[in-house]
>>> print(open('work.pdb').read())   # PDB, C-alpha atoms and all ligand atoms
ATOM      1  CA  MET L   1       0.000   0.000   0.000
ATOM      2  CA  THR L   2       1.582   3.258  -1.124
ATOM      3  CA  LEU L   3       0.312   6.300   0.747
ATOM      4  CA  PRO L   4       0.914   9.983  -0.074
ATOM      5  CA  PRO L   5       2.456  12.252   2.617
ATOM      6  CA  SER L   6      -0.858  13.487   4.039
ATOM      7  CA  VAL L   7      -2.197   9.961   4.656
ATOM      8  CA  SER L   8      -1.048   7.458   7.275
ATOM      9  CA  LEU L   9      -2.266   4.057   8.429
ATOM     10  CA  ILE L  10      -2.773   3.445  12.136
ATOM     11  CA  GLU L  11      -4.360   0.675  14.194
ATOM     12  CA  GLU L  12      -6.696   2.021  16.857
ATOM     13  CA  PRO L  13      -7.287  -0.251  18.697
ATOM     14  CA  ALA L  14      -4.750  -2.903  17.689
ATOM     15  CA  GLY L  15      -6.046  -4.943  14.768
ATOM     16  CA  TYR L  16      -8.398  -2.154  13.669
ATOM     17  CA  PRO L  17      -6.787  -0.319  10.729
ATOM     18  CA  ILE L  18      -7.733   3.290  10.061
ATOM     19  CA  LEU L  19      -6.451   5.663   7.373
ATOM     20  CA  VAL L  20      -5.798   9.098   8.870
ATOM     21  CA  ILE L  21      -5.801  12.160   6.578
ATOM     22  CA  HIS L  22      -4.067  15.402   7.498
ATOM     23  CA  HIS L  23      -4.264  17.638   4.399
ATOM     24  CA  ALA L  24      -4.287  21.449   4.139
ATOM     25  CA  ALA L  25      -7.857  21.277   2.798
ATOM     26  CA  ALA L  26      -9.307  18.853   5.375
ATOM     27  CA  THR L  27      -8.728  16.191   7.987
ATOM     28  CA  GLY L  28     -10.409  12.815   8.077
ATOM     29  CA  ARG L  29     -10.418   9.195   9.174
ATOM     30  CA  ILE L  30     -11.571   6.096   7.304
ATOM     31  CA  ALA L  31     -11.776   2.643   8.880
ATOM     32  CA  LEU L  32     -11.052  -0.359   6.656
ATOM     33  CA  ASN L  33     -13.868  -2.103   8.557
ATOM     34  CA  GLY L  34     -16.726  -1.276   6.243
ATOM     35  CA  ALA L  35     -14.646   1.314   4.279
ATOM     36  CA  HIS L  36     -16.277   3.574   6.796
ATOM     37  CA  VAL L  37     -15.668   7.343   6.641
ATOM     38  CA  MET L  38     -15.575   8.193  10.334
ATOM     39  CA  GLU L  39     -14.511  11.836  10.226
ATOM     40  CA  TRP L  40     -14.408  14.704   7.734
ATOM     41  CA  THR L  41     -13.494  18.209   8.845
ATOM     42  CA  PRO L  42     -12.870  20.824   6.130
ATOM     43  CA  ALA L  43     -10.156  23.370   6.988
ATOM     44  CA  GLY L  44     -11.550  26.188   9.162
ATOM     45  CA  GLU L  45     -14.738  24.216   9.911
ATOM     46  CA  LYS L  46     -16.152  22.118  12.740
ATOM     47  CA  PRO L  47     -16.523  18.354  12.119
ATOM     48  CA  VAL L  48     -19.333  17.661   9.653
ATOM     49  CA  LEU L  49     -19.859  13.970  10.400
ATOM     50  CA  PHE L  50     -21.302  12.893  13.764
ATOM     51  CA  MET L  51     -19.594  10.015  15.604
ATOM     52  CA  SER L  52     -21.196   8.451  18.678
ATOM     53  CA  ALA L  53     -19.102   8.621  21.845
ATOM     54  CA  GLN L  54     -20.153   4.984  22.434
ATOM     55  CA  ALA L  55     -19.404   3.749  18.920
ATOM     56  CA  VAL L  56     -17.901   0.259  18.777
ATOM     57  CA  PHE L  57     -14.583  -0.156  16.930
ATOM     58  CA  GLU L  58     -14.319  -3.915  16.536
ATOM     59  CA  PRO L  59     -13.761  -5.872  13.310
ATOM     60  CA  GLY L  60     -17.098  -7.243  12.081
ATOM     61  CA  LYS L  61     -19.206  -4.679  13.960
ATOM     62  CA  PRO L  62     -21.021  -1.633  12.478
ATOM     63  CA  ILE L  63     -19.945   1.869  13.511
ATOM     64  CA  ARG L  64     -22.530   4.328  14.944
ATOM     65  CA  GLY L  65     -21.715   7.512  13.098
ATOM     66  CA  GLY L  66     -19.841   8.766  10.042
ATOM     67  CA  ILE L  67     -20.947   7.131   6.775
ATOM     68  CA  PRO L  68     -21.925   3.451   7.037
ATOM     69  CA  VAL L  69     -22.093   1.733   3.624
ATOM     70  CA  CYS L  70     -25.331  -0.249   3.709
ATOM     71  CA  TRP L  71     -25.410  -2.955   1.003
ATOM     72  CA  PRO L  72     -26.815  -5.158  -0.668
ATOM     73  CA  TRP L  73     -30.020  -4.570   1.308
ATOM     74  CA  PHE L  74     -31.335  -1.507   3.092
ATOM     75  CA  GLY L  75     -32.959  -2.031   6.483
ATOM     76  CA  GLY L  76     -34.018  -5.550   7.405
ATOM     77  CA  HIS L  77     -33.256  -8.402   4.968
ATOM     78  CA  PRO L  78     -36.292  -8.746   2.645
ATOM     79  CA  THR L  79     -37.011 -12.359   3.635
ATOM     80  CA  GLU L  80     -34.554 -13.588   6.326
ATOM     81  CA  SER L  81     -34.827 -11.734   9.635
ATOM     82  CA  ASP L  82     -31.704 -13.434  11.062
ATOM     83  CA  LYS L  83     -29.505 -11.595   8.530
ATOM     84  CA  PRO L  84     -27.807  -8.361   9.703
ATOM     85  CA  ALA L  85     -29.635  -5.048   9.274
ATOM     86  CA  HIS L  86     -28.446  -2.893   6.380
ATOM     87  CA  GLY L  87     -26.543  -5.708   4.666
ATOM     88  CA  PHE L  88     -23.087  -7.086   5.491
ATOM     89  CA  VAL L  89     -20.457  -4.964   3.755
ATOM     90  CA  ARG L  90     -20.319  -2.445   6.619
ATOM     91  CA  ASN L  91     -19.087  -5.315   8.800
ATOM     92  CA  LEU L  92     -16.361  -6.604   6.471
ATOM     93  CA  MET L  93     -12.735  -5.496   6.075
ATOM     94  CA  TRP L  94     -12.198  -3.793   2.692
ATOM     95  CA  ASN L  95      -8.934  -3.603   0.760
ATOM     96  CA  VAL L  96      -7.256  -0.283   0.071
ATOM     97  CA  GLY L  97      -6.801   0.511  -3.615
ATOM     98  CA  GLU L  98      -5.170   3.638  -4.999
ATOM     99  CA  VAL L  99      -4.622   6.633  -2.686
ATOM    100  CA  THR L 100      -3.518   9.931  -4.251
ATOM    101  CA  GLU L 101      -3.376  13.583  -3.264
ATOM    102  CA  ASN L 102      -3.186  16.985  -4.901
ATOM    103  CA  ILE L 103      -3.670  20.583  -3.797
ATOM    104  CA  ALA L 104      -7.472  20.143  -3.518
ATOM    105  CA  GLY L 105      -7.377  17.067  -1.296
ATOM    106  CA  VAL L 106      -7.041  13.309  -1.139
ATOM    107  CA  THR L 107      -8.707  10.573  -3.213
ATOM    108  CA  LEU L 108      -8.970   7.127  -1.655
ATOM    109  CA  GLU L 109     -10.233   3.875  -3.134
ATOM    110  CA  PHE L 110     -11.573   0.854  -1.241
ATOM    111  CA  LEU L 111     -12.305  -2.517  -2.843
ATOM    112  CA  LEU L 112     -14.474  -5.481  -1.875
ATOM    113  CA  SER L 113     -15.507  -8.525  -3.929
ATOM    114  CA  ASP L 114     -17.536 -11.605  -3.122
ATOM    115  CA  SER L 115     -15.801 -14.106  -0.857
ATOM    116  CA  ASP L 116     -16.580 -16.985   1.512
ATOM    117  CA  ASP L 117     -17.407 -14.314   4.110
ATOM    118  CA  SER L 118     -19.900 -12.595   1.807
ATOM    119  CA  ARG L 119     -21.403 -15.886   0.616
ATOM    120  CA  ALA L 120     -22.263 -16.672   4.251
ATOM    121  CA  PHE L 121     -24.855 -13.895   3.878
ATOM    122  CA  TRP L 122     -25.553 -13.642   0.161
ATOM    123  CA  PRO L 123     -24.905 -16.132  -2.677
ATOM    124  CA  HIS L 124     -24.105 -13.663  -5.477
ATOM    125  CA  ARG L 125     -20.913 -12.486  -7.168
ATOM    126  CA  PHE L 126     -20.039  -8.769  -7.155
ATOM    127  CA  ASP L 127     -17.293  -6.167  -7.220
ATOM    128  CA  LEU L 128     -17.537  -3.020  -5.097
ATOM    129  CA  ARG L 129     -15.283   0.024  -5.383
ATOM    130  CA  LEU L 130     -15.807   2.921  -2.985
ATOM    131  CA  GLU L 131     -14.155   6.170  -4.059
ATOM    132  CA  VAL L 132     -13.810   8.893  -1.427
ATOM    133  CA  LYS L 133     -12.646  12.422  -2.339
ATOM    134  CA  LEU L 134     -11.875  14.400   0.771
ATOM    135  CA  GLY L 135     -11.090  18.119   0.700
ATOM    136  CA  ALA L 136     -13.147  21.321   1.075
ATOM    137  CA  GLN L 137     -16.018  19.099  -0.068
ATOM    138  CA  LEU L 138     -16.555  15.392   0.521
ATOM    139  CA  SER L 139     -17.707  13.066  -2.224
ATOM    140  CA  ILE L 140     -18.305   9.369  -1.779
ATOM    141  CA  ALA L 141     -19.262   7.045  -4.624
ATOM    142  CA  LEU L 142     -20.109   3.352  -4.396
ATOM    143  CA  HIS L 143     -19.431   1.642  -7.727
ATOM    144  CA  ILE L 144     -21.311  -1.657  -7.877
ATOM    145  CA  LYS L 145     -20.790  -4.360 -10.514
ATOM    146  CA  ASN L 146     -22.613  -7.653 -11.032
ATOM    147  CA  THR L 147     -19.808 -10.136 -11.877
ATOM    148  CA  ASP L 148     -22.190 -13.096 -11.700
ATOM    149  CA  GLU L 149     -23.719 -15.127 -14.535
ATOM    150  CA  ALA L 150     -27.167 -14.543 -13.079
ATOM    151  CA  ALA L 151     -29.057 -11.345 -12.405
ATOM    152  CA  TRP L 152     -29.658 -10.129  -8.875
ATOM    153  CA  SER L 153     -31.294  -7.082  -7.323
ATOM    154  CA  MET L 154     -30.107  -4.785  -4.557
ATOM    155  CA  THR L 155     -30.920  -1.919  -2.279
ATOM    156  CA  GLY L 156     -28.545   0.082  -0.096
ATOM    157  CA  ALA L 157     -27.549   3.459   1.292
ATOM    158  CA  LEU L 158     -24.760   5.847   2.138
ATOM    159  CA  HIS L 159     -26.120   6.248   5.675
ATOM    160  CA  THR L 160     -24.601   9.633   6.493
ATOM    161  CA  TYR L 161     -24.676  11.011  10.077
ATOM    162  CA  LEU L 162     -24.464  14.828   9.949
ATOM    163  CA  CYS L 163     -23.627  17.024  12.944
ATOM    164  CA  VAL L 164     -26.018  19.715  14.110
ATOM    165  CA  ASP L 165     -25.713  21.877  17.226
ATOM    166  CA  ASP L 166     -29.395  21.380  18.149
ATOM    167  CA  VAL L 167     -31.775  19.237  16.111
ATOM    168  CA  THR L 168     -34.818  21.122  17.467
ATOM    169  CA  GLU L 169     -33.498  24.198  15.655
ATOM    170  CA  ALA L 170     -32.562  22.330  12.480
ATOM    171  CA  ALA L 171     -34.531  21.723   9.294
ATOM    172  CA  VAL L 172     -34.153  19.796   6.044
ATOM    173  CA  ILE L 173     -34.985  21.845   2.960
ATOM    174  CA  GLY L 174     -35.625  20.431  -0.510
ATOM    175  CA  LEU L 175     -38.163  17.660   0.119
ATOM    176  CA  ASP L 176     -41.243  19.836  -0.195
ATOM    177  CA  ASP L 177     -43.990  18.008  -2.188
ATOM    178  CA  ALA L 178     -42.021  14.742  -2.132
ATOM    179  CA  PHE L 179     -43.892  11.642  -0.954
ATOM    180  CA  TYR L 180     -42.539   9.627   1.951
ATOM    181  CA  VAL L 181     -43.315   6.491   3.915
ATOM    182  CA  GLU L 182     -42.626   6.184   7.636
ATOM    183  CA  SER L 183     -42.907   2.414   7.710
ATOM    184  CA  ARG L 184     -42.617   2.141  11.531
ATOM    185  CA  LEU L 185     -45.955   4.025  11.699
ATOM    186  CA  SER L 186     -47.829   2.961   8.531
ATOM    187  CA  PRO L 187     -47.306   1.950   4.867
ATOM    188  CA  GLU L 188     -49.206   5.058   3.757
ATOM    189  CA  ARG L 189     -47.497   7.468   1.304
ATOM    190  CA  ILE L 190     -47.590  11.000   2.734
ATOM    191  CA  GLU L 191     -46.819  14.224   0.901
ATOM    192  CA  GLN L 192     -44.227  16.423   2.593
ATOM    193  CA  SER L 193     -45.314  19.999   3.020
ATOM    194  CA  GLY L 194     -42.560  22.521   3.695
ATOM    195  CA  PRO L 195     -39.255  21.811   5.510
ATOM    196  CA  VAL L 196     -38.688  18.694   7.646
ATOM    197  CA  TYR L 197     -38.510  19.638  11.322
ATOM    198  CA  PHE L 198     -37.584  17.477  14.326
ATOM    199  CA  ASP L 199     -39.749  17.272  17.452
ATOM    200  CA  ARG L 200     -40.050  13.443  17.616
ATOM    201  CA  GLU L 201     -38.504  10.286  16.116
ATOM    202  CA  VAL L 202     -38.252  10.708  12.351
ATOM    203  CA  ASP L 203     -37.505   7.680  10.132
ATOM    204  CA  ARG L 204     -38.724   8.452   6.617
ATOM    205  CA  ASN L 205     -38.040   7.174   3.156
ATOM    206  CA  TYR L 206     -38.603  10.041   0.695
ATOM    207  CA  GLU L 207     -39.101   9.405  -3.025
ATOM    208  CA  SER L 208     -36.662  12.045  -4.210
ATOM    209  CA  LYS L 209     -33.629  12.499  -6.468
ATOM    210  CA  ASP L 210     -33.055  16.063  -5.340
ATOM    211  CA  THR L 211     -30.363  17.991  -3.522
ATOM    212  CA  VAL L 212     -31.306  18.867   0.047
ATOM    213  CA  ARG L 213     -29.966  21.351   2.603
ATOM    214  CA  LEU L 214     -29.598  20.715   6.311
ATOM    215  CA  LEU L 215     -30.076  24.032   8.078
ATOM    216  CA  ASP L 216     -28.280  24.067  11.425
ATOM    217  CA  ARG L 217     -29.569  27.348  12.818
ATOM    218  CA  LYS L 218     -27.790  27.111  16.178
ATOM    219  CA  GLY L 219     -24.549  26.053  14.482
ATOM    220  CA  ARG L 220     -24.979  28.892  11.969
ATOM    221  CA  ARG L 221     -24.211  26.721   8.956
ATOM    222  CA  THR L 222     -25.911  24.778   6.207
ATOM    223  CA  ILE L 223     -24.778  21.408   4.879
ATOM    224  CA  VAL L 224     -25.632  20.893   1.209
ATOM    225  CA  VAL L 225     -26.278  17.251   0.317
ATOM    226  CA  GLU L 226     -26.220  16.318  -3.381
ATOM    227  CA  LYS L 227     -26.503  12.819  -4.726
ATOM    228  CA  SER L 228     -26.799  10.642  -7.826
ATOM    229  CA  GLY L 229     -27.888   7.101  -8.670
ATOM    230  CA  SER L 230     -30.550   7.332  -5.966
ATOM    231  CA  ARG L 231     -34.333   7.874  -5.950
ATOM    232  CA  ALA L 232     -34.721   7.494  -2.184
ATOM    233  CA  THR L 233     -33.610   9.958   0.503
ATOM    234  CA  ILE L 234     -33.785   8.620   4.044
ATOM    235  CA  VAL L 235     -34.112  11.143   6.899
ATOM    236  CA  TRP L 236     -33.580   9.767  10.405
ATOM    237  CA  ASN L 237     -33.314  10.946  13.973
ATOM    238  CA  PRO L 238     -33.982   8.337  16.724
ATOM    239  CA  TRP L 239     -35.169  10.904  19.302
ATOM    240  CA  ILE L 240     -35.508   9.834  22.989
ATOM    241  CA  GLU L 241     -36.983   6.305  23.193
ATOM    242  CA  LYS L 242     -35.152   4.758  20.217
ATOM    243  CA  SER L 243     -31.871   6.270  21.481
ATOM    244  CA  LYS L 244     -32.331   4.391  24.765
ATOM    245  CA  ARG L 245     -32.549   1.109  22.802
ATOM    246  CA  LEU L 246     -29.265   1.734  20.946
ATOM    247  CA  SER L 247     -26.393   0.570  23.182
ATOM    248  CA  ASP L 248     -23.756   2.281  21.023
ATOM    249  CA  LEU L 249     -25.430   5.717  21.266
ATOM    250  CA  PRO L 250     -25.542   7.864  24.454
ATOM    251  CA  ASP L 251     -29.146   8.640  25.496
ATOM    252  CA  ASP L 252     -28.490  12.364  25.214
ATOM    253  CA  ALA L 253     -26.760  12.366  21.792
ATOM    254  CA  TYR L 254     -29.841  12.562  19.527
ATOM    255  CA  PRO L 255     -30.011  16.383  19.527
ATOM    256  CA  HIS L 256     -26.614  16.523  17.820
ATOM    257  CA  PHE L 257     -27.154  14.674  14.541
ATOM    258  CA  VAL L 258     -29.460  14.028  11.626
ATOM    259  CA  CYS L 259     -28.978  11.221   9.134
ATOM    260  CA  ILE L 260     -29.529  12.183   5.499
ATOM    261  CA  GLU L 261     -28.937   9.123   3.361
ATOM    262  CA  ALA L 262     -28.525   8.662  -0.386
ATOM    263  CA  ALA L 263     -30.363   5.391  -0.849
ATOM    264  CA  ASN L 264     -31.764   2.784  -3.161
ATOM    265  CA  ALA L 265     -34.656   1.650  -0.967
ATOM    266  CA  VAL L 266     -38.115   0.259  -1.812
ATOM    267  CA  PRO L 267     -39.575   1.219  -4.283
ATOM    268  CA  ASP L 268     -36.129   2.142  -5.684
ATOM    269  CA  VAL L 269     -34.853  -1.455  -5.997
ATOM    270  CA  ILE L 270     -32.018  -1.814  -8.541
ATOM    271  CA  ALA L 271     -32.128  -4.815 -10.881
ATOM    272  CA  MET L 272     -28.594  -5.824 -11.853
ATOM    273  CA  THR L 273     -28.136  -8.030 -14.935
ATOM    274  CA  PRO L 274     -24.723  -9.731 -15.411
ATOM    275  CA  GLY L 275     -22.015  -7.154 -16.151
ATOM    276  CA  LYS L 276     -24.236  -4.219 -15.193
ATOM    277  CA  GLU L 277     -22.755  -1.388 -13.119
ATOM    278  CA  HIS L 278     -24.525   1.084 -10.855
ATOM    279  CA  VAL L 279     -23.078   4.066  -8.971
ATOM    280  CA  LEU L 280     -24.659   5.403  -5.783
ATOM    281  CA  SER L 281     -23.023   8.665  -4.695
ATOM    282  CA  GLN L 282     -23.312  11.615  -2.320
ATOM    283  CA  ARG L 283     -21.506  14.973  -2.139
ATOM    284  CA  LEU L 284     -21.350  17.184   0.944
ATOM    285  CA  ARG L 285     -20.326  20.812   1.277
ATOM    286  CA  VAL L 286     -20.648  23.397   4.004
ATOM    287  CA  GLN L 287     -22.183  26.828   3.549
ATOM    288  CA  ARG L 288     -21.630  29.342   6.318
ATOM    289  CA  ASP L 289     -24.797  31.356   7.157
TER     290      ASP L 289
HETATM  291  O1  LIG N   1     -31.760   4.695   8.062
HETATM  292  C1  LIG N   1     -32.635   4.718   9.103
HETATM  293  C2  LIG N   1     -32.610   3.357   9.781
HETATM  294  O2  LIG N   1     -33.004   2.360   8.906
HETATM  295  C3  LIG N   1     -33.453   3.399  11.053
HETATM  296  O3  LIG N   1     -34.589   2.602  10.961
HETATM  297  C4  LIG N   1     -32.505   2.962  12.143
HETATM  298  O4  LIG N   1     -32.633   1.673  12.483
HETATM  299  C5  LIG N   1     -31.155   3.291  11.552
HETATM  300  O5  LIG N   1     -31.269   3.030  10.201
HETATM  301  C6  LIG N   1     -29.959   2.657  12.186
HETATM  302  O6  LIG N   1     -29.807   1.343  11.852
HETATM  303  P1  LIG N   1     -28.627   0.479  12.542
HETATM  304  O7  LIG N   1     -28.768  -0.900  11.964
HETATM  305  O8  LIG N   1     -27.322   1.117  12.195
HETATM  306  O9  LIG N   1     -28.901   0.529  14.035
END
>>> encode(input="work.pdb", output="structure tokens")
Amino acid sequence: MTLPPSVSLIEEPAGYPILVIHHAAATGRIALNGAHVMEWTPAGEKPVLFMSAQAVFEPGKPIRGGIPVCWPWFGGHPTESDKPAHGFVRNLMWNVGEVTENIAGVTLEFLLSDSDDSRAFWPHRFDLRLEVKLGAQLSIALHIKNTDEAAWSMTGALHTYLCVDDVTEAAVIGLDDAFYVESRLSPERIEQSGPVYFDREVDRNYESKDTVRLLDRKGRRTIVVEKSGSRATIVWNPWIEKSKRLSDLPDDAYPHFVCIEAANAVPDVIAMTPGKEHVLSQRLRVQRD
């Protein structure tokens, strides 16, 4: 593995490799477990990605915060409830591909293909390449290829945890008139009217391809969230009761993050014929108010 000067590999804890980025344009951390972007802080800014103070850093375990890569299914497995939530690739060690830097930032590649480990959960053949560009902006793109002789279908998400100073003073702009389903409450499609505000648990799957803005009034900044290859935007905050049920999240952390996820989630299921490629991507930038 050849790394440019602004990137180093550490193990924290031992046996848990993390790439650490110290570049003039931004700092960041990416765990090889799940090719998981754990931190991104543009120069002159506060951290943009939320990380739980009780997150677990153990090989094979998901990380509560940053950007989990959920694939090849979003949420519960469609038919087998004993399979892990949000797929299995966030729990597997990825390989590091090419890592380069220039004046704008660092580009890092992570690779994962089917293996005995993946076949324990899912019988299909695939190649994944995650490309992360980290600088004044952050872009993350999951390149998915069906290397099998048979077709398969998939869902997934870039399950991004974004920092806010106070969720009760935050709002998501850009989903007005979009339809959503809050499946924990009912299968009914509801039309969003105006911004999304937070005064209770929110767990919604919006039918939308659009750019959204997360207004963090107390933090006096806006996070712009663009995406492509996705017709579903998931907006989540666990609020009080759900937070208590999550052992890797402090009970009082929910006011400090909102998840805005670029997803392929029902009804946006992607059919992949042999040789087909699909790219699911998200781009983040900060606007100071
Ligand atoms: O994306 C929202 C969601 O599906 C919620 O239902 C909630 O469970 C969240 O993901 C976290 O899932 P996790 O498996 O990481 O606990």
>>> resolve_selection(input="work.pdb", expression="the PyMOL selection byres (((not hetatm)) within 6 of (chain N and resi 1))", output="PyMOL selection string")
chain L and resi 75+85-86+203+234+236
>>> residues_around(input="work.pdb", residues="Ile260 in chain L", least_positions_apart="3", cutoff="9 Å", atoms="only C-alpha atoms", output="PyMOL selection string")
chain L and resi 158-162+172+212+214+225+233-236
>>> write_last_selection(input="work.pdb", atoms="C-alpha atoms", output="mmCIF file, in the frame of the given file")
data_model
loop_
_atom_site.group_PDB
_atom_site.id
_atom_site.type_symbol
_atom_site.label_atom_id
_atom_site.label_comp_id
_atom_site.auth_asym_id
_atom_site.auth_seq_id
_atom_site.Cartn_x
_atom_site.Cartn_y
_atom_site.Cartn_z
ATOM 1 C CA LEU L 158 -24.760 5.847 2.138
ATOM 2 C CA HIS L 159 -26.120 6.248 5.675
ATOM 3 C CA THR L 160 -24.601 9.633 6.493
ATOM 4 C CA TYR L 161 -24.676 11.011 10.077
ATOM 5 C CA LEU L 162 -24.464 14.828 9.949
ATOM 6 C CA VAL L 172 -34.153 19.796 6.044
ATOM 7 C CA VAL L 212 -31.306 18.867 0.047
ATOM 8 C CA LEU L 214 -29.598 20.715 6.311
ATOM 9 C CA VAL L 225 -26.278 17.251 0.317
ATOM 10 C CA THR L 233 -33.610 9.958 0.503
ATOM 11 C CA ILE L 234 -33.785 8.620 4.044
ATOM 12 C CA VAL L 235 -34.112 11.143 6.899
ATOM 13 C CA TRP L 236 -33.580 9.767 10.405
#
>>> residues_around(input="work.pdb", residues="Ser281 in chain L", least_positions_apart="4", cutoff="8 Å", atoms="all atoms listed in the file", output="compact mmCIF listing (two decimals) with C-alpha atoms, in the coordinates of the input")
# COMPACT_ATOMS: atom_id res chain seq x y z
CA SER L 139 -17.71 13.07 -2.22
CA ILE L 140 -18.30 9.37 -1.78
CA ALA L 141 -19.26 7.04 -4.62
CA LEU L 142 -20.11 3.35 -4.40
CA LEU L 158 -24.76 5.85 2.14
CA LYS L 227 -26.50 12.82 -4.73
CA SER L 228 -26.80 10.64 -7.83
CA GLY L 229 -27.89 7.10 -8.67
CA SER L 230 -30.55 7.33 -5.97
CA ALA L 262 -28.52 8.66 -0.39
>>> resolve_selection(input="work.pdb", expression="the PyMOL selection byres (((chain L and resi 62) around 7) and not hetatm)", output="list in words")
Gly60, Lys61, Ile63, Arg64, Arg90 and Asn91 of chain L
>>> residues_near_point(input="work.pdb", point="(-11.7, 6.6, -5.9)", cutoff="6 Å", atoms="only C-alpha atoms", output="ChimeraX atom specification")
/L:107-109,131-132
>>> resolve_selection(input="work.pdb", expression="the PyMOL selection byres (((chain L and resi 22-34) around 9) and not hetatm)", output="number ranges by chain")
L: 5-8, 16-21, 35-45, 57-63, 68-69, 88-96, 101, 103-106, 110, 134-137
>>> atom_distance(input="work.pdb", atom1="CA of Asp166 in chain L", atom2="CA of Leu215 in chain L")
10.4 Å
>>> atom_distance(input="work.pdb", atom1="CA of Ile144 in chain L", atom2="CA of Ala263 in chain L")
13.5 Å
>>> atom_distance(input="work.pdb", atom1="CA of Asn205 in chain L", atom2="CA of Ala53 in chain L")
26.6 Å
>>> closest_residue(input="work.pdb", among="L:Val164, L:Leu138, L:Val269, L:Leu9", to="Arg221 in chain L", atoms="all atoms listed in the file")
L:Val164
>>> residues_near_point(input="work.pdb", point="(-18.5, -2.9, -12.4)", cutoff="8 Å", atoms="all atoms listed in the file", output="MDAnalysis selection string")
chainID L and resid 127:128 143:147 275:278
>>> closest_residue(input="work.pdb", among="L:Gly65, L:Pro47, L:Pro84, L:Gly15", to="Pro250 in chain L", atoms="all atoms listed in the file")
L:Gly65
>>> axis_aligned_box(input="work.pdb", around="range 94-113 of chain L", padding_each_side="4 Å", output="JSON")
{"center_x": -9.3, "center_y": 6.0, "center_z": -1.2, "size_x": 20.3, "size_y": 37.1, "size_z": 15.7}
>>> closest_residue(input="work.pdb", among="L:Arg231, L:His256, L:Arg213, L:Arg204", to="Arg184 in chain L", atoms="all atoms listed in the file")
L:Arg204
>>> build_atoms(input="work.pdb", residues="range 183-194 of chain L", atoms="N, CA and C atoms", output="PDB file, in the coordinates of the input")
ATOM      1  N   SER L 183     -42.384   3.790   7.606  1.00  0.00           N
ATOM      2  CA  SER L 183     -42.907   2.414   7.710  1.00  0.00           C
ATOM      3  C   SER L 183     -43.123   1.974   9.153  1.00  0.00           C
ATOM      4  N   ARG L 184     -42.397   2.524  10.126  1.00  0.00           N
ATOM      5  CA  ARG L 184     -42.617   2.141  11.531  1.00  0.00           C
ATOM      6  C   ARG L 184     -43.995   2.557  11.994  1.00  0.00           C
ATOM      7  N   LEU L 185     -44.616   3.537  11.303  1.00  0.00           N
ATOM      8  CA  LEU L 185     -45.955   4.025  11.699  1.00  0.00           C
ATOM      9  C   LEU L 185     -47.041   3.442  10.802  1.00  0.00           C
ATOM     10  N   SER L 186     -46.839   3.517   9.467  1.00  0.00           N
ATOM     11  CA  SER L 186     -47.829   2.961   8.531  1.00  0.00           C
ATOM     12  C   SER L 186     -47.234   2.892   7.118  1.00  0.00           C
ATOM     13  N   PRO L 187     -47.822   2.050   6.251  1.00  0.00           N
ATOM     14  CA  PRO L 187     -47.306   1.950   4.867  1.00  0.00           C
ATOM     15  C   PRO L 187     -47.807   3.093   3.977  1.00  0.00           C
ATOM     16  N   GLU L 188     -48.582   3.986   4.546  1.00  0.00           N
ATOM     17  CA  GLU L 188     -49.206   5.058   3.757  1.00  0.00           C
ATOM     18  C   GLU L 188     -48.159   6.019   3.170  1.00  0.00           C
ATOM     19  N   ARG L 189     -48.360   6.449   1.914  1.00  0.00           N
ATOM     20  CA  ARG L 189     -47.497   7.468   1.304  1.00  0.00           C
ATOM     21  C   ARG L 189     -48.037   8.837   1.706  1.00  0.00           C
ATOM     22  N   ILE L 190     -47.174   9.683   2.246  1.00  0.00           N
ATOM     23  CA  ILE L 190     -47.590  11.000   2.734  1.00  0.00           C
ATOM     24  C   ILE L 190     -46.828  12.078   1.962  1.00  0.00           C
ATOM     25  N   GLU L 191     -47.497  13.152   1.638  1.00  0.00           N
ATOM     26  CA  GLU L 191     -46.819  14.224   0.901  1.00  0.00           C
ATOM     27  C   GLU L 191     -46.199  15.213   1.888  1.00  0.00           C
ATOM     28  N   GLN L 192     -44.908  15.479   1.719  1.00  0.00           N
ATOM     29  CA  GLN L 192     -44.227  16.423   2.593  1.00  0.00           C
ATOM     30  C   GLN L 192     -44.664  17.836   2.247  1.00  0.00           C
ATOM     31  N   SER L 193     -44.964  18.599   3.257  1.00  0.00           N
ATOM     32  CA  SER L 193     -45.314  19.999   3.020  1.00  0.00           C
ATOM     33  C   SER L 193     -44.331  20.876   3.790  1.00  0.00           C
ATOM     34  N   GLY L 194     -43.541  21.636   3.068  1.00  0.00           N
ATOM     35  CA  GLY L 194     -42.560  22.521   3.695  1.00  0.00           C
ATOM     36  C   GLY L 194     -41.320  21.777   4.169  1.00  0.00           C
TER      37      GLY L 194
END
